[in-house]
Structure formats: structure tokens, C-alpha cells
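> Data: work_3.cif, mmCIF, C-alpha atoms.
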data_run
loop_
_atom_site.label_atom_id
_atom_site.label_comp_id
_atom_site.auth_asym_id
_atom_site.auth_seq_id
_atom_site.Cartn_x
_atom_site.Cartn_y
_atom_site.Cartn_z
CA MET A 1 14.03 -3.75 -16.73
CA SER A 2 12.04 -6.91 -16.14
CA LYS A 3 11.78 -8.44 -12.70
CA HIS A 4 14.30 -11.11 -13.80
CA ASP A 5 17.02 -8.83 -15.16
CA PHE A 6 18.35 -7.63 -11.82
CA CYS A 7 18.95 -11.24 -10.76
CA GLN A 8 21.94 -11.30 -13.11
CA ARG A 9 23.64 -8.73 -10.90
CA CYS A 10 22.56 -10.18 -7.56
CA PRO A 11 25.53 -10.11 -5.14
CA VAL A 12 24.23 -13.18 -3.29
CA GLY A 13 23.54 -15.26 -6.41
CA GLY A 14 19.77 -15.23 -6.08
CA SER A 15 17.26 -15.93 -8.81
CA PHE A 16 13.53 -15.36 -9.17
CA ARG A 17 11.40 -18.39 -8.36
CA GLU A 18 8.33 -18.47 -10.54
CA ALA A 19 6.53 -20.96 -8.29
CA ASP A 20 6.08 -18.58 -5.37
CA GLN A 21 7.53 -15.28 -6.70
CA THR A 22 10.27 -15.17 -4.09
CA CYS A 23 14.05 -15.01 -4.22
CA SER A 24 15.85 -18.38 -4.30
CA VAL A 25 18.09 -17.14 -1.45
CA ALA A 26 16.12 -17.04 1.79
CA ASP A 27 16.52 -14.48 4.56
CA PRO A 28 19.69 -15.44 6.47
CA ASP A 29 18.14 -14.19 9.71
CA ASP A 30 15.08 -16.43 9.80
CA GLY A 31 15.26 -18.73 6.76
CA LEU A 32 11.94 -17.43 5.44
CA PRO A 33 11.24 -16.18 1.89
CA LEU A 34 12.22 -12.76 0.58
CA VAL A 35 11.23 -10.68 -2.41
CA CYS A 36 13.43 -8.15 -4.18
CA VAL A 37 12.37 -4.51 -4.27
CA GLY A 38 13.65 -1.23 -5.64
CA PRO A 39 15.53 1.24 -3.41
CA TRP A 40 12.56 3.64 -3.53
CA THR A 41 10.52 1.21 -1.40
CA GLY A 42 11.98 2.86 1.67
CA GLU A 43 10.02 6.02 0.92
CA LYS A 44 6.68 4.26 1.22
CA HIS A 45 7.80 2.50 4.37
CA ALA A 46 9.13 5.70 5.94
CA ARG A 47 5.71 7.28 5.62
CA VAL A 48 3.96 4.24 7.05
CA SER A 49 6.34 4.29 10.02
CA LYS A 50 5.98 8.03 10.56
CA TYR A 51 2.20 7.88 10.42
CA VAL A 52 2.04 5.02 12.92
CA ASP A 53 4.32 7.03 15.21
CA ILE A 54 2.61 10.41 14.92
CA SER A 55 -0.83 8.89 15.55
CA ARG A 56 0.24 7.01 18.68
CA ALA A 57 -1.59 9.26 21.17
CA THR A 58 -4.83 8.97 19.23
CA ARG A 59 -4.38 5.21 18.83
CA LYS A 60 -3.83 4.81 22.57
CA LYS A 61 -7.39 5.96 23.24
CA PHE A 62 -8.70 3.07 21.15
CA VAL A 63 -6.16 0.48 22.24
CA THR A 64 -7.17 1.00 25.87
CA GLY A 65 -10.85 1.38 25.04
CA ALA A 66 -13.44 -0.98 23.62
CA GLY A 67 -12.95 -0.19 19.95
CA GLY A 68 -9.43 -1.42 19.34
CA ALA A 69 -6.88 -0.21 16.76
CA THR A 70 -5.78 -2.19 13.71
CA PHE A 71 -3.32 -2.10 10.85
CA ILE A 72 -4.48 -3.58 7.54
CA ASP A 73 -2.27 -4.58 4.60
CA VAL A 74 -3.95 -6.52 1.78
CA PHE A 75 -0.85 -6.60 -0.47
CA CYS A 76 1.36 -7.61 2.41
CA GLY A 77 4.22 -9.50 0.74
CA PRO A 78 6.33 -11.89 2.85
CA GLY A 79 7.30 -9.25 5.42
CA ARG A 80 10.97 -8.95 4.45
CA ALA A 81 12.73 -7.94 1.23
CA ARG A 82 16.17 -7.50 -0.30
CA ILE A 83 17.03 -4.26 -2.08
CA ARG A 84 17.82 -5.16 -5.68
CA GLU A 85 21.47 -5.65 -6.55
CA THR A 86 22.52 -5.27 -2.90
CA GLU A 87 22.82 -7.45 0.17
CA GLN A 88 20.63 -5.11 2.21
CA ILE A 89 17.52 -6.71 3.71
CA ILE A 90 14.66 -4.58 4.99
CA ASP A 91 11.38 -5.16 6.78
CA GLY A 92 8.15 -5.04 4.79
CA SER A 93 5.25 -2.73 5.60
CA PRO A 94 3.37 -5.02 8.06
CA ILE A 95 6.53 -5.60 10.10
CA ILE A 96 7.48 -1.92 10.01
CA ALA A 97 4.02 -0.83 11.17
CA ALA A 98 3.87 -3.44 13.92
CA ARG A 99 7.40 -2.68 15.19
CA LYS A 100 6.81 1.07 15.25
CA ALA A 101 3.55 0.65 17.15
CA ILE A 102 5.31 -1.56 19.70
CA GLU A 103 8.18 0.93 20.03
CA SER A 104 5.70 3.75 20.62
CA LYS A 105 4.12 1.68 23.42
CA THR A 106 0.78 1.63 21.61
CA PRO A 107 0.75 -1.71 19.76
CA PHE A 108 -2.11 -2.48 17.44
CA THR A 109 -4.76 -4.70 18.94
CA GLU A 110 -4.73 -6.64 15.65
CA VAL A 111 -2.85 -6.66 12.37
CA HIS A 112 -4.74 -7.95 9.33
CA VAL A 113 -2.58 -9.16 6.44
CA ALA A 114 -3.62 -10.57 3.08
CA ASP A 115 -2.08 -11.38 -0.27
CA ALA A 116 -2.95 -13.32 -3.40
CA ASN A 117 0.34 -15.21 -2.91
CA LEU A 118 -0.03 -17.89 -0.21
CA ALA A 119 3.75 -18.09 0.37
CA PHE A 120 3.73 -14.40 1.29
CA VAL A 121 0.82 -14.77 3.72
CA GLU A 122 2.45 -17.71 5.46
CA ALA A 123 5.85 -15.99 5.78
CA VAL A 124 4.54 -12.69 7.11
CA GLY A 125 2.30 -14.53 9.56
CA VAL A 126 5.32 -16.28 11.07
CA ARG A 127 7.28 -13.04 11.24
CA LEU A 128 4.47 -11.15 12.95
CA ALA A 129 3.97 -14.00 15.41
CA LYS A 130 7.63 -13.71 16.42
CA LEU A 131 6.91 -10.11 17.38
CA GLY A 132 4.02 -11.23 19.54
CA VAL A 133 1.50 -9.45 17.32
CA ALA A 134 -2.12 -10.58 17.25
CA THR A 135 -2.53 -11.35 13.55
CA LYS A 136 -5.33 -12.40 11.25
CA ALA A 137 -4.18 -13.63 7.83
CA TYR A 138 -6.18 -14.03 4.63
CA HIS A 139 -5.28 -15.55 1.28
CA GLY A 140 -6.69 -14.21 -1.96
CA PRO A 141 -7.06 -11.10 -4.12
CA ALA A 142 -7.97 -7.88 -2.36
CA GLU A 143 -11.50 -7.94 -3.76
CA SER A 144 -12.20 -11.08 -1.76
CA THR A 145 -10.09 -10.43 1.35
CA VAL A 146 -11.11 -6.84 2.08
CA PRO A 147 -14.79 -7.71 2.76
CA GLN A 148 -13.62 -10.50 5.06
CA ILE A 149 -11.37 -8.10 6.95
CA VAL A 150 -14.03 -5.40 7.24
CA SER A 151 -16.42 -7.94 8.75
CA GLN A 152 -13.86 -8.54 11.53
CA LEU A 153 -13.26 -4.89 12.44
CA GLY A 154 -14.72 -3.23 15.49
CA PRO A 155 -17.11 -0.51 14.28
CA ARG A 156 -15.96 1.79 17.07
CA GLY A 157 -12.26 1.14 16.48
CA LEU A 158 -9.49 3.09 14.75
CA HIS A 159 -8.10 1.49 11.60
CA PHE A 160 -5.19 2.25 9.26
CA ALA A 161 -5.02 0.48 5.88
CA PHE A 162 -2.00 0.47 3.58
CA LEU A 163 -2.87 -0.39 -0.03
CA ASP A 164 0.28 -1.11 -2.01
CA PRO A 165 -0.66 -2.96 -5.22
CA TYR A 166 1.63 -3.62 -8.16
CA ASP A 167 -0.72 -2.15 -10.77
CA LEU A 168 -4.14 -0.57 -11.32
CA ARG A 169 -5.81 -3.90 -12.06
CA SER A 170 -5.13 -4.92 -8.47
CA LEU A 171 -6.76 -1.77 -7.07
CA PRO A 172 -10.47 -1.94 -8.00
CA PHE A 173 -12.46 0.85 -6.43
CA ASN A 174 -14.77 -1.53 -4.61
CA ILE A 175 -12.01 -2.36 -2.11
CA ILE A 176 -11.73 1.33 -1.24
CA GLN A 177 -15.52 1.51 -0.92
CA ALA A 178 -15.54 -1.45 1.45
CA LEU A 179 -12.87 0.09 3.67
CA ALA A 180 -14.54 3.50 3.53
CA ALA A 181 -17.69 1.97 5.00
CA VAL A 182 -15.82 1.80 8.34
CA GLN A 183 -16.22 5.08 10.20
CA ARG A 184 -12.66 5.55 11.48
CA MET A 185 -10.60 4.31 8.55
CA ASP A 186 -7.41 6.01 7.39
CA MET A 187 -5.80 4.79 4.16
CA LEU A 188 -2.44 5.27 2.49
CA ILE A 189 -2.79 4.24 -1.15
CA HIS A 190 -0.13 3.59 -3.79
CA VAL A 191 -1.35 4.46 -7.30
CA SER A 192 0.89 3.24 -10.13
CA ILE A 193 1.87 6.08 -12.46
CA GLN A 194 4.04 3.57 -14.31
CA ASP A 195 1.00 1.49 -15.24
CA LEU A 196 -0.86 4.60 -16.41
CA GLN A 197 2.11 5.63 -18.54
CA ARG A 198 2.86 2.27 -20.13
CA ASN A 199 -0.71 1.17 -20.79
CA LEU A 200 -2.75 4.38 -21.00
CA ARG A 201 -3.73 4.23 -24.69
CA ARG A 202 -4.41 0.51 -24.55
CA TYR A 203 -6.60 1.02 -21.51
CA ILE A 204 -8.64 3.92 -22.86
CA GLY A 205 -9.04 2.19 -26.22
CA GLY A 206 -10.52 -1.01 -24.78
CA ASP A 207 -14.13 -1.80 -23.98
CA GLN A 208 -13.46 -3.15 -20.48
CA THR A 209 -10.07 -2.40 -18.94
CA PRO A 210 -8.54 -1.97 -15.48
CA LEU A 211 -9.52 1.70 -15.60
CA ASP A 212 -13.21 0.77 -15.44
CA SER A 213 -12.77 -0.97 -12.09
CA PHE A 214 -10.11 1.44 -10.79
CA ALA A 215 -12.06 4.64 -11.51
CA PRO A 216 -15.71 3.80 -12.29
CA GLY A 217 -17.41 6.31 -14.55
CA TRP A 218 -14.20 7.73 -15.98
CA ARG A 219 -15.47 7.50 -19.56
CA GLN A 220 -18.01 10.22 -18.83
CA LYS A 221 -15.42 12.51 -17.21
CA VAL A 222 -12.20 12.21 -19.23
CA GLU A 223 -11.56 13.65 -22.69
CA VAL A 224 -9.33 11.01 -24.29
CA MET A 225 -8.33 13.28 -27.20
CA ASN A 226 -6.17 15.31 -24.83
CA SER A 227 -2.46 14.68 -24.38
CA ASP A 228 -1.43 11.62 -22.38
CA ALA A 229 -0.30 13.79 -19.45
CA THR A 230 -3.65 15.60 -19.35
CA VAL A 231 -5.61 12.35 -19.59
CA ARG A 232 -3.63 10.91 -16.68
CA ARG A 233 -4.29 13.97 -14.55
CA GLN A 234 -8.01 13.89 -15.42
CA LEU A 235 -8.23 10.20 -14.58
CA PHE A 236 -6.52 10.74 -11.27
CA ALA A 237 -8.70 13.73 -10.44
CA HIS A 238 -11.82 11.66 -11.23
CA TRP A 239 -10.56 8.86 -8.97
CA LEU A 240 -10.09 11.35 -6.14
CA GLY A 241 -13.63 12.55 -6.77
CA CYS A 242 -14.90 8.97 -6.42
CA ILE A 243 -13.21 8.82 -3.02
CA ARG A 244 -14.89 12.06 -1.97
CA ASP A 245 -18.23 10.56 -2.98
CA GLU A 246 -17.63 7.95 -0.26
CA ASN A 247 -17.55 10.73 2.34
CA MET A 248 -13.79 10.38 2.57
CA ARG A 249 -11.24 13.13 2.17
CA PRO A 250 -8.09 12.70 0.10
CA SER A 251 -5.32 14.92 1.41
CA GLN A 252 -4.49 17.87 -0.77
CA GLY A 253 -0.83 16.94 -0.80
CA VAL A 254 -0.04 13.89 -2.95
CA GLU A 255 3.53 12.59 -3.02
CA GLU A 256 5.06 11.42 -6.29
CA VAL A 257 7.86 8.87 -5.99
CA THR A 258 10.39 8.49 -8.78
CA GLY A 259 13.06 5.91 -9.49
CA SER A 260 16.83 6.10 -9.73
CA ARG A 261 16.61 7.29 -13.34
CA ASN A 262 13.94 9.86 -12.43
CA GLN A 263 11.23 7.66 -13.91
CA HIS A 264 7.72 8.28 -12.56
CA LEU A 265 6.69 5.33 -10.39
CA TYR A 266 3.64 6.08 -8.27
CA TRP A 267 1.58 8.58 -6.33
CA LEU A 268 1.03 8.11 -2.60
CA VAL A 269 -2.40 9.30 -1.55
CA PHE A 270 -3.58 9.62 2.03
CA VAL A 271 -7.32 9.34 2.65
CA ALA A 272 -9.19 9.92 5.89
CA ARG A 273 -12.45 11.19 7.29
CA HIS A 274 -11.15 13.30 10.16
CA ASP A 275 -9.19 16.55 10.16
CA LEU A 276 -6.62 15.37 12.69
CA ALA A 277 -5.58 12.45 10.47
CA ILE A 278 -5.13 14.81 7.51
CA ARG A 279 -3.01 17.13 9.65
CA PHE A 280 -0.85 14.19 10.72
CA TRP A 281 -0.25 13.28 7.06
CA GLU A 282 0.65 16.86 6.12
CA ASP A 283 3.21 16.85 8.93
CA ILE A 284 4.97 13.67 7.84
CA ARG A 285 4.34 13.22 4.11
CA SER A 286 7.53 14.88 2.84
CA VAL A 287 10.41 12.50 3.58
CA THR A 288 12.69 13.40 0.64
CA ASN A 289 13.00 16.03 -2.06
CA GLN A 290 10.59 14.09 -4.27
CA LYS A 291 7.90 15.97 -6.14
CA SER A 292 4.57 16.74 -4.49
CA TRP A 293 1.28 17.59 -6.15
CA ASP A 294 -1.74 19.45 -4.89
CA PHE A 295 -5.16 18.23 -6.09
#
As C-alpha cells, what does this structure read like?


Amino acid sequence: MSKHDFCQRCPVGGSFREADQTCSVADPDDGLPLVCVGPWTGEKHARVSKYVDISRATRKKFVTGAGGATFIDVFCGPGRARIRETEQIIDGSPIIAARKAIESKTPFTEVHVADANLAFVEAVGVRLAKLGVATKAYHGPAESTVPQIVSQLGPRGLHFAFLDPYDLRSLPFNIIQALAAVQRMDMLIHVSIQDLQRNLRRYIGGDQTPLDSFAPGWRQKVEVMNSDATVRRQLFAHWLGCIRDENMRPSQGVEEVTGSRNQHLYWLVFVARHDLAIRFWEDIRSVTNQKSWDF
């Protein structure tokens, strides 16, 4: 299904606006732009919310100290979304994280949001401001905004980054490297299985493809004559190895999220440097009966 097809069944008569990639029907609560998302989006958001909540005691030490505590979302969207083919409107990840931190009485000292879509950055900035959240907003692709964000972070602070790109092209490894350079950086990363499935043979057959920026050095590690499923697993394992080379630790448990027709959508990978963060993730990572993998 293309991103336009579900508009034909929209109960509020919305349509996709090419100019800014939003729905033509604004949020009735605040008049700001919305995007449409699949029902599985709630799984990602549930884990973001649970991690913000479970880490509240640790975050409090940094919120009240000199280091500060931040939430970072460089694919932030507009901050609100409608579930496709329904009238249900939900908060986006920056709003969810900020609200949960406020509810837990340990609000982030700053929230950093960025997106390649200026309309998204502007909308989420307004929504966060209404919550009274100290926000820094950046416009541009993650490769350009992440270094800007890192330069603004307190080196003694505690930081949580959510990386939720649409495809592998949008997730070059250098953005993970830049974030990993910060000592106390936890990351929750969405890796598109769908992209790997649809485009695998085209990617591995090209001279310079998104795989080369996503998982540098994969050509020396992956045997492309294997089955597609094996190649995907080898690519993913190599990518995890690249993360370990940055002195970061991917959690052993990786959650796979599937769609309403049981189609494979993405892996959710938690990455941290400290044992306590990994233990937090293991405690909260299973929110449904979706499949989990150990790597």
C-alpha cells in the first residue's frame, strides 16, 4: 500500500499534501499539522514512554546536578499523528517522552528535535512549548543536525536519543558514531526490515548503496550468495558489530515489530554503554506478543 492509498478510506476526508507531507485535515485540538501512521506505531512509543519512566530515578541525579538530562529525536515528525483509516489522534515520540518525564516529576532539562521537513520541526516546536519544555529545534537531515546537537550537549549529562527513520538511507552510521562519542548516551534505534526485504538485491548489487553508509565494511563481512534471509541476518549482525566497535553495547534482546498482516516492519535496537541502562531495557522491551531476537 502506498502512502496515498489509505487516504481513500480516511474517515475524516483527509488527503496527503505533497508540499509538506502532512494530512490536509489539521489536528482539531490545536490546528497544527498531522501525519498519518500505522497502528503499530504505538509499540515504538510505548517503549519510549516506558524507558523514560523506568529511568526517572537515574535521570533525577542529572536533572538536579550540573550535567543535565536530554531527550533527542532527529526524525521528530510534527509531534502528533492520526492512525490510518481511523479518527484516533496520538502524540508523537517527542511529546510522549516529554509528557512522561513531566509526569514522573523528572522533566528533561532540554529536548532536542530535528527533521528534514521544516513543517514538522515548526509544529513540534510549538507543541513542546505548550508543555513548557525547554526545546532546541534543528532543520535538516540527520547527518547535519546530529553534529549540531552533540555540540550542544553537556559532556557530563545523561542523554537518550530515539532514532526513528523511514528507511536505511536515512540512518547512516556516522550519526550513530557522533552520538556514541557522548559518554552517557542511550539510544533506541528503528531499523527498517521492510527496506532490507524490498531492496536487498538491488542494494547488494550496486556499487554505492544505502548499505554502504548504514553498515560500513559490510562487503567484507557478508556472503551475498546466501539466501536473502541469511544475508539480512549477516548484515544486521555486522551493523551491531560496528556499534560495539564504538564502545557501545547493543542489548541482546532485539524486538521485531510486524504489521496487521504479519508483515515484517522493523527491528527496535537499544544501545547503551552502562549495565543499568541495558537492564532497564530488558525490563520494559516486551510490550506485546511480537517476536524477539537474541543477537

> Just how far from atom CA of A:Val63 is atom CA of A:Leu131, in Å to one decimal?

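We find that atom CA of A:Leu131 and atom CA of A:Val63 lie 17.5 Å from each other.
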
> So which residues touch stretch 250-267 of chain A within 9 Å, counting all atoms listed in the file, skipping near sequence neighbours fewer than 3 positions away, as number ranges by chain?

A: 38-40, 43-44, 189-195, 197, 240-241, 243-244, 270-273, 278-279, 281-282, 285-286, 290-295

> Could you list, as number ranges by chain, every residue matched by the PyMOL selection byres ((chain A and resi 94-105) around 10) in this structure?

A: 45-57, 59-60, 70-80, 90-93, 106-108, 110-113, 124-125, 127-128, 131-134, 160, 162

> Which residue, A:Ala114, A:Val222, A:Leu168, A:Ala69, has the smallest gap to A:Val146 when you use only C-alpha atoms?

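The closest residue to A:Val146 is A:Ala114.
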
> Go through A:Leu276, A:Ile89, A:Leu34, A:Val12 and flag the residue nearest A:Ala123, using all atoms listed in the file for the distances.

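Answer, going by the shortest atom-to-atom distance: A:Leu34.
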
> Excluding A:Pro141 and any residue of its chain fewer than 3 positions from it, enumerate the residues within 7 Å of it, using all atoms listed in the file, and give them as a list of chain:residue names.

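That gives A:Asp115, A:Ala116, A:Ser144, A:Thr145.
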
> For the provided coordinates, the residues matched by the PyMOL selection byres ((chain A and resi 230-238) around 9) should be stated as a list in words.

Ile193, Leu196, Gln197, Leu200, Leu211, Ala215, Pro216, Gly217, Trp218, Lys221, Val222, Glu223, Val224, Met225, Asn226, Ser227, Asp228, Ala229, Trp239, Leu240, Gly241, Cys242, Ile243 and Phe295 of chain A

> Restricting the calculation to only C-alpha atoms: of A:Ala19, A:Asp27, A:Arg169, A:Ala142, which residue gets closest to A:Gln208?

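Of all the options, A:Arg169 lies closest to A:Gln208.
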